[in-house]
$ cat entry.cif   # mmCIF, C-alpha atoms
data_coords
#
loop_
_atom_site.label_atom_id
_atom_site.label_comp_id
_atom_site.auth_asym_id
_atom_site.auth_seq_id
_atom_site.Cartn_x
_atom_site.Cartn_y
_atom_site.Cartn_z
CA MET A 34 -41.75 -17.09 -46.84
CA ALA A 35 -38.85 -14.80 -45.93
CA GLU A 36 -36.39 -14.26 -48.71
CA ALA A 37 -33.05 -15.92 -47.99
CA VAL A 38 -30.01 -13.66 -48.02
CA LEU A 39 -27.06 -15.19 -49.78
CA ASP A 40 -23.44 -14.37 -49.10
CA ALA A 41 -20.78 -13.77 -51.73
CA ALA A 42 -20.28 -17.48 -52.33
CA GLY A 43 -23.97 -18.00 -52.97
CA HIS A 44 -24.67 -19.46 -49.55
CA ASP A 45 -27.45 -18.60 -47.16
CA ASN A 46 -25.86 -16.43 -44.47
CA HIS A 47 -28.46 -17.56 -41.92
CA GLY A 48 -29.39 -14.05 -40.93
CA ASP A 49 -25.85 -13.08 -39.96
CA PRO A 50 -25.80 -9.26 -39.78
CA HIS A 51 -22.04 -9.16 -40.49
CA ALA A 52 -22.28 -11.15 -43.71
CA VAL A 53 -21.30 -9.00 -46.68
CA VAL A 54 -23.43 -9.50 -49.76
CA HIS A 55 -21.62 -8.82 -53.04
CA LYS A 56 -23.24 -9.14 -56.41
CA THR A 57 -20.97 -10.62 -59.04
CA ASN A 58 -21.56 -11.63 -62.65
CA THR A 59 -20.91 -15.27 -61.83
CA GLY A 60 -22.98 -15.30 -58.64
CA VAL A 61 -19.97 -16.44 -56.63
CA SER A 62 -17.25 -14.58 -54.74
CA ASN A 63 -14.55 -13.17 -57.04
CA ASN A 64 -11.86 -13.76 -54.42
CA LYS A 65 -12.78 -17.40 -54.02
CA LEU A 66 -13.06 -17.83 -57.78
CA ALA A 67 -9.58 -16.33 -58.19
CA MET A 68 -8.16 -18.74 -55.61
CA TRP A 69 -9.69 -21.74 -57.41
CA VAL A 70 -8.30 -20.51 -60.77
CA PHE A 71 -4.90 -20.17 -59.10
CA LEU A 72 -5.15 -23.68 -57.61
CA GLY A 73 -6.15 -25.07 -61.02
CA SER A 74 -3.00 -23.48 -62.50
CA GLU A 75 -0.93 -24.88 -59.62
CA CYS A 76 -1.95 -28.39 -60.75
CA LEU A 77 -0.03 -27.69 -63.98
CA LEU A 78 3.01 -26.42 -62.07
CA PHE A 79 3.22 -29.44 -59.77
CA GLY A 80 2.29 -31.76 -62.65
CA GLY A 81 5.39 -30.50 -64.49
CA LEU A 82 7.63 -31.04 -61.48
CA ILE A 83 6.22 -34.52 -60.72
CA SER A 84 6.53 -35.73 -64.31
CA THR A 85 10.10 -34.36 -64.50
CA TYR A 86 10.91 -36.32 -61.34
CA LEU A 87 9.38 -39.49 -62.80
CA LEU A 88 11.43 -39.05 -65.98
CA TYR A 89 14.72 -38.57 -64.14
CA ARG A 90 14.26 -40.84 -61.13
CA THR A 91 16.42 -43.58 -62.67
CA ASN A 92 19.12 -41.16 -63.88
CA THR A 93 21.29 -41.16 -60.74
CA GLN A 94 24.74 -41.02 -62.41
CA GLY A 95 26.29 -43.22 -59.73
CA GLY A 96 24.82 -41.20 -56.84
CA PRO A 97 22.20 -42.37 -54.32
CA GLU A 98 19.10 -44.00 -55.83
CA PRO A 99 15.49 -43.47 -54.79
CA SER A 100 14.82 -46.62 -52.78
CA GLU A 101 13.13 -47.83 -49.61
CA GLU A 102 16.56 -47.91 -47.94
CA PHE A 103 17.45 -44.36 -48.95
CA PHE A 104 14.17 -42.68 -47.99
CA ASP A 105 13.28 -42.70 -44.30
CA ILE A 106 9.66 -43.84 -44.71
CA PRO A 107 8.71 -43.80 -40.99
CA PHE A 108 10.02 -40.23 -40.65
CA THR A 109 8.24 -39.02 -43.82
CA SER A 110 5.06 -40.83 -42.71
CA ALA A 111 5.17 -38.86 -39.45
CA SER A 112 5.63 -35.62 -41.46
CA SER A 113 2.65 -36.57 -43.64
CA PHE A 114 0.57 -37.18 -40.54
CA VAL A 115 1.55 -33.73 -39.20
CA LEU A 116 0.49 -32.06 -42.47
CA LEU A 117 -2.76 -34.04 -42.49
CA MET A 118 -3.44 -32.92 -38.94
CA SER A 119 -2.80 -29.31 -39.98
CA SER A 120 -5.59 -29.69 -42.56
CA LEU A 121 -7.94 -30.67 -39.74
CA THR A 122 -6.94 -27.66 -37.59
CA MET A 123 -7.35 -25.42 -40.66
CA VAL A 124 -10.87 -26.62 -41.36
CA LEU A 125 -11.70 -26.18 -37.65
CA ALA A 126 -10.37 -22.59 -37.90
CA HIS A 127 -12.72 -21.98 -40.83
CA SER A 128 -15.60 -23.51 -38.90
CA ALA A 129 -14.83 -21.26 -35.90
CA ALA A 130 -14.64 -18.19 -38.19
CA GLY A 131 -18.08 -19.03 -39.62
CA LYS A 132 -19.52 -19.26 -36.12
CA GLY A 133 -17.85 -16.01 -35.05
CA ASP A 134 -15.83 -17.81 -32.36
CA ILE A 135 -12.70 -15.64 -32.56
CA ARG A 136 -10.97 -17.32 -29.60
CA LYS A 137 -11.14 -20.76 -31.25
CA LEU A 138 -10.25 -19.22 -34.62
CA LYS A 139 -7.01 -17.87 -33.16
CA ILE A 140 -6.19 -21.20 -31.47
CA TRP A 141 -6.75 -23.23 -34.65
CA LEU A 142 -4.92 -20.77 -36.91
CA LEU A 143 -1.89 -20.82 -34.63
CA SER A 144 -2.05 -24.64 -34.34
CA THR A 145 -2.11 -24.92 -38.14
CA ALA A 146 0.89 -22.58 -38.51
CA LEU A 147 2.74 -24.55 -35.83
CA LEU A 148 2.05 -27.92 -37.48
CA GLY A 149 3.12 -26.45 -40.84
CA SER A 150 6.35 -25.27 -39.24
CA VAL A 151 6.98 -28.76 -37.84
CA PHE A 152 6.54 -30.14 -41.37
CA VAL A 153 8.97 -27.61 -42.88
CA ALA A 154 11.49 -28.29 -40.09
CA GLY A 155 11.21 -32.02 -40.86
CA GLN A 156 11.84 -31.34 -44.53
CA ILE A 157 14.93 -29.25 -43.77
CA TYR A 158 16.22 -32.05 -41.52
CA GLU A 159 15.56 -34.62 -44.27
CA PHE A 160 17.41 -32.51 -46.85
CA THR A 161 20.38 -32.15 -44.47
CA VAL A 162 20.56 -35.94 -44.04
CA PHE A 163 20.38 -36.49 -47.81
CA VAL A 164 23.18 -33.98 -48.47
CA ARG A 165 25.35 -35.72 -45.84
CA GLU A 166 24.67 -39.02 -47.61
CA GLY A 167 25.95 -37.56 -50.87
CA LEU A 168 22.76 -36.42 -52.57
CA GLY A 169 23.49 -32.80 -53.45
CA TRP A 170 21.39 -30.48 -55.63
CA SER A 171 23.58 -31.16 -58.69
CA THR A 172 24.64 -34.77 -57.94
CA SER A 173 22.37 -36.15 -60.65
CA PRO A 174 19.25 -35.30 -62.68
CA PHE A 175 17.34 -37.40 -60.09
CA SER A 176 18.59 -35.27 -57.17
CA SER A 177 17.83 -31.99 -58.99
CA ALA A 178 14.30 -33.16 -59.84
CA PHE A 179 13.76 -34.44 -56.29
CA TYR A 180 14.90 -31.21 -54.59
CA ALA A 181 13.01 -29.05 -57.10
CA LEU A 182 9.74 -30.89 -56.44
CA THR A 183 9.93 -31.29 -52.66
CA GLY A 184 11.62 -27.89 -52.23
CA PHE A 185 8.88 -26.16 -54.23
CA HIS A 186 6.32 -27.86 -52.03
CA GLY A 187 8.20 -26.71 -48.93
CA VAL A 188 8.17 -23.13 -50.24
CA HIS A 189 4.38 -23.42 -50.71
CA VAL A 190 3.99 -24.61 -47.11
CA THR A 191 6.15 -21.68 -45.93
CA ILE A 192 4.00 -19.19 -47.87
CA GLY A 193 0.94 -20.85 -46.29
CA ILE A 194 2.42 -20.34 -42.82
CA ILE A 195 2.95 -16.63 -43.59
CA MET A 196 -0.69 -16.37 -44.77
CA LEU A 197 -1.88 -18.14 -41.59
CA LEU A 198 0.17 -15.89 -39.32
CA SER A 199 -1.05 -12.71 -41.03
CA THR A 200 -4.66 -13.94 -40.62
CA PHE A 201 -3.89 -14.71 -36.98
CA ILE A 202 -2.52 -11.17 -36.49
CA SER A 203 -5.70 -9.77 -38.09
CA ALA A 204 -7.74 -11.79 -35.60
CA MET A 205 -5.56 -10.54 -32.73
CA ARG A 206 -6.20 -6.96 -33.84
CA GLY A 207 -9.94 -7.58 -33.84
CA ARG A 208 -10.35 -7.39 -37.61
CA MET A 209 -11.95 -10.83 -37.99
CA HIS A 210 -15.72 -11.30 -37.78
CA PRO A 211 -18.19 -13.71 -39.41
CA GLY A 212 -18.61 -11.26 -42.31
CA ASN A 213 -15.05 -11.81 -43.48
CA ALA A 214 -14.88 -15.52 -42.68
CA GLU A 215 -14.22 -15.95 -46.40
CA THR A 216 -10.65 -14.71 -45.83
CA VAL A 217 -10.05 -17.72 -43.57
CA GLU A 218 -11.72 -19.98 -46.14
CA ILE A 219 -9.43 -18.71 -48.93
CA VAL A 220 -6.32 -19.24 -46.80
CA GLY A 221 -7.74 -22.69 -45.97
CA LEU A 222 -8.21 -23.56 -49.66
CA TYR A 223 -4.54 -22.82 -50.31
CA TRP A 224 -3.50 -24.83 -47.24
CA HIS A 225 -5.61 -27.87 -48.16
CA PHE A 226 -4.23 -27.74 -51.69
CA VAL A 227 -0.69 -27.89 -50.31
CA ASP A 228 -1.82 -30.94 -48.30
CA ILE A 229 -3.35 -32.56 -51.40
CA VAL A 230 -0.09 -32.06 -53.33
CA TRP A 231 1.79 -33.74 -50.48
CA VAL A 232 -0.64 -36.69 -50.56
CA PHE A 233 0.46 -37.14 -54.18
CA ILE A 234 4.20 -36.55 -53.57
CA PHE A 235 4.26 -38.91 -50.57
CA THR A 236 2.74 -41.74 -52.62
CA VAL A 237 4.61 -41.20 -55.89
CA ILE A 238 8.08 -40.39 -54.54
CA TYR A 239 8.36 -42.10 -51.17
CA LEU A 240 5.97 -45.06 -51.05
CA ALA A 241 6.23 -46.12 -54.71
CA ALA A 242 10.03 -45.87 -54.56
CA MET B 782 -29.64 -19.29 -59.53
CA SER B 783 -29.73 -18.23 -55.91
CA GLU B 784 -32.63 -20.54 -55.12
CA GLU B 785 -30.83 -23.41 -56.84
CA THR B 786 -27.75 -22.80 -54.70
CA LEU B 787 -29.85 -22.74 -51.57
CA THR B 788 -31.47 -26.04 -52.50
CA GLU B 789 -28.05 -27.59 -53.09
CA THR B 790 -26.50 -26.40 -49.87
CA ALA B 791 -29.44 -26.61 -47.50
CA ALA B 792 -29.62 -30.40 -47.44
CA PRO B 793 -31.52 -31.96 -44.55
CA THR B 794 -29.65 -32.98 -41.41
CA LYS B 795 -28.01 -36.35 -41.88
CA GLY B 796 -25.15 -38.53 -40.70
CA ILE B 797 -25.44 -39.11 -36.99
CA SER B 798 -22.57 -41.15 -35.62
CA ALA B 799 -22.25 -42.43 -32.05
CA GLY B 800 -24.99 -40.03 -30.97
CA ARG B 801 -23.19 -36.96 -32.36
CA LYS B 802 -24.13 -35.10 -35.51
CA THR B 803 -21.61 -35.20 -38.35
CA HIS B 804 -23.63 -32.73 -40.49
CA ASP B 805 -25.35 -29.51 -39.44
CA GLU B 806 -28.84 -28.40 -40.45
CA HIS B 807 -27.43 -26.99 -43.72
CA GLY B 808 -25.83 -30.28 -44.73
CA HIS B 809 -22.28 -29.06 -43.96
CA LEU B 810 -19.95 -31.12 -41.81
CA THR B 811 -19.81 -30.32 -38.11
CA ASP B 812 -16.50 -30.16 -36.22
CA PHE B 813 -17.10 -33.78 -35.19
CA GLY B 814 -17.65 -34.67 -38.85
CA TYR B 815 -14.30 -33.07 -39.76
CA VAL B 816 -12.55 -35.08 -37.03
CA LYS B 817 -14.14 -38.24 -38.48
CA ILE B 818 -12.82 -37.39 -41.96
CA PHE B 819 -9.36 -36.78 -40.47
CA ILE B 820 -9.41 -40.19 -38.74
CA ILE B 821 -10.35 -41.85 -42.05
CA LEU B 822 -7.47 -40.01 -43.78
CA ALA B 823 -5.01 -41.02 -41.03
CA VAL B 824 -6.12 -44.68 -41.21
CA ILE B 825 -5.74 -44.71 -45.03
CA THR B 826 -2.24 -43.18 -44.68
CA ALA B 827 -1.31 -45.91 -42.17
CA ILE B 828 -2.61 -48.58 -44.57
CA GLU B 829 -0.62 -46.98 -47.43
CA VAL B 830 2.59 -47.11 -45.39
CA ALA B 831 1.93 -50.72 -44.31
CA PHE B 832 1.17 -51.56 -47.96
CA SER B 833 4.64 -50.36 -49.01
CA TYR B 834 6.28 -52.91 -46.66
CA ILE B 835 4.31 -55.92 -47.94
CA ASP B 836 5.71 -58.01 -50.79
CA MET B 837 3.21 -58.21 -53.62
CA PRO B 838 3.14 -58.03 -57.44
CA THR B 839 4.03 -54.51 -58.67
CA PRO B 840 0.73 -53.91 -60.57
CA VAL B 841 -1.32 -54.85 -57.47
CA PHE B 842 0.91 -52.65 -55.29
CA LEU B 843 0.70 -49.62 -57.61
CA ILE B 844 -3.06 -49.94 -58.23
CA GLY B 845 -3.75 -50.29 -54.49
CA LEU B 846 -1.49 -47.37 -53.60
CA PHE B 847 -2.94 -45.08 -56.25
CA ALA B 848 -6.53 -46.03 -55.35
CA MET B 849 -5.89 -45.02 -51.72
CA MET B 850 -4.13 -41.82 -52.80
CA THR B 851 -7.05 -40.88 -55.07
CA TYR B 852 -9.57 -41.47 -52.27
CA LYS B 853 -7.53 -39.29 -49.88
CA PHE B 854 -7.33 -36.61 -52.58
CA TYR B 855 -11.12 -36.79 -53.02
CA LEU B 856 -11.82 -36.59 -49.27
CA VAL B 857 -9.65 -33.49 -48.76
CA ALA B 858 -11.02 -31.72 -51.87
CA ALA B 859 -14.67 -32.64 -51.26
CA GLU B 860 -14.91 -32.29 -47.49
CA PHE B 861 -12.10 -30.03 -46.26
CA MET B 862 -12.13 -27.75 -49.33
CA HIS B 863 -15.95 -27.92 -49.38
CA LEU B 864 -16.17 -28.70 -53.10
CA LYS B 865 -19.02 -31.09 -52.30
CA TYR B 866 -21.11 -28.27 -50.81
CA ASP B 867 -19.91 -25.24 -52.79
CA HIS B 868 -20.96 -23.79 -56.09
CA GLY B 869 -20.31 -26.05 -59.10
CA HIS B 870 -18.13 -23.36 -60.75
CA PHE B 871 -15.31 -24.09 -58.28
CA THR B 872 -15.34 -27.83 -58.98
CA LYS B 873 -15.33 -27.15 -62.73
CA LEU B 874 -12.34 -24.80 -62.45
CA PHE B 875 -10.31 -27.14 -60.29
CA VAL B 876 -11.14 -30.27 -62.29
CA THR B 877 -10.29 -28.43 -65.52
CA GLY B 878 -6.81 -27.59 -64.20
CA LEU B 879 -6.36 -31.10 -62.87
CA VAL B 880 -7.51 -32.90 -66.03
CA LEU B 881 -5.45 -30.56 -68.20
CA ALA B 882 -2.34 -31.22 -66.07
CA VAL B 883 -2.84 -35.00 -66.10
CA ALA B 884 -3.48 -35.06 -69.88
CA VAL B 885 -0.55 -32.76 -70.77
CA TYR B 886 1.95 -34.65 -68.61
CA LEU B 887 0.71 -38.11 -69.62
CA ILE B 888 1.37 -37.09 -73.23
CA PHE B 889 4.74 -35.61 -72.21
CA MET B 890 5.76 -38.77 -70.34
CA SER B 891 4.54 -41.01 -73.17
CA ALA B 892 6.55 -38.95 -75.68
CA SER B 893 9.58 -39.37 -73.40
CA GLN B 894 9.01 -43.15 -73.33
CA LEU B 895 8.74 -43.13 -69.54
CA TRP B 896 6.62 -46.28 -69.37
CA GLN B 897 9.52 -48.42 -70.65
CA SER B 898 11.37 -47.80 -67.38
CA PHE B 899 8.67 -49.52 -65.30
#

$ encode --input "entry.cif" --output "structure tokens"
Amino acid sequence: MAEAVLDAAGHDNHGDPHAVVHKTNTGVSNNKLAMWVFLGSECLLFGGLISTYLLYRTNTQGGPEPSEEFFDIPFTSASSFVLLMSSLTMVLAHSAAGKGDIRKLKIWLLSTALLGSVFVAGQIYEFTVFVREGLGWSTSPFSSAFYALTGFHGVHVTIGIIMLLSTFISAMRGRMHPGNAETVEIVGLYWHFVDIVWVFIFTVIYLAA
Amino acid sequence: MSEETLTETAAPTKGISAGRKTHDEHGHLTDFGYVKIFIILAVITAIEVAFSYIDMPTPVFLIGLFAMMTYKFYLVAAEFMHLKYDHGHFTKLFVTGLVLAVAVYLIFMSASQLWQSF
């Protein structure tokens, strides 16, 4: 029986001549391992922001309160759907990268960045509406905690868009091939994590309000 | 180790839906399989939103909402982030961070008497 060649993540590369085989102490890709360690630490960061929000959500000091009337649930639901759809396009980009389909990879990467931009634009619009309604950054401990949490998430999405666009530019310059599909996977891990965090924020802040 | 990984990832072809394969010959999801997962996630999100408009006892509402959120979390992590198919080290690292965060902040919120406000 022919000996299977494993890629850096410990997977069979199915005879792909471009696949780069790295030997690591752990038997898994160092880059991917680093991303997972980073995402594990991000759980603590967002955990801190979410619990701070929960602690201060009732401390409105006479300002707007977190309620069904205050939050625009249909609008935020549409934003959530956009972010969810961007996770699908991201995973399709990774799938295309694995198959060496650079044309599809570029399409899906750009679609993901575009959907992410729509989400960020929606968040900026939402913040503008809230400020007009009297919920400023320093209006109350609730408003500070709310903007810190959702704003931090928005910054993460923006960083994700930059990562997606730089991967897209690499693909445009012909630097992407099945051997470095792991780059797309690592960007994808970050993007899906941002989506997972939003799944939590959407439920805890908006729907449970 | 390598052979173990191969055995884990090279699962037989499974999951054929409406005549189209949802898993490839290595047990990974196909593009069609990913679309199926996305539809499930979108449907759960729609149910969550509908749930928030229905009058019901708070404990039932919160348990239902958090159950759906947890399932969505699992689907994205397991299928889109490939934790289900990848090396166990990645799951261990992520779950460690997650459990640590939940434990630390549950203690923090308990110490701050958060539960009295519900």

$ residues_around --input "entry.cif" --residues "region 81-94 of chain A" --least-positions-apart "5" --cutoff "12 Å" --atoms "all atoms listed in the file" --output "PyMOL selection string"
(chain A and resi 74-76+99-100+167-186+230-231+233-239+241-242) or (chain B and resi 879+881-899)

$ interface_residues --input "entry.cif" --of "chain B" --to "chain A" --cutoff "8 Å" --atoms "only C-alpha atoms" --output "ChimeraX atom specification"
/B:782-783,786-787,790,812,815-816,819,822-823,826,829-830,833,843,846-847,850,853-854,857-858,861-862,867-868,871,874-879,881-883,886,890,893,895

$ atom_distance --input "entry.cif" --atom1 "CA of Phe832 (chain B)" --atom2 "CA of Glu860 (chain B)"
25.1 Å

$ atom_distance --input "entry.cif" --atom1 "CA of Gly207 (chain A)" --atom2 "CA of Ile192 (chain A)"
22.9 Å

$ closest_residue --input "entry.cif" --among "A:Arg165, A:Lys56, A:Lys139, A:His210" --to "Leu198 (chain A)" --atoms "all atoms listed in the file"
A:Lys139
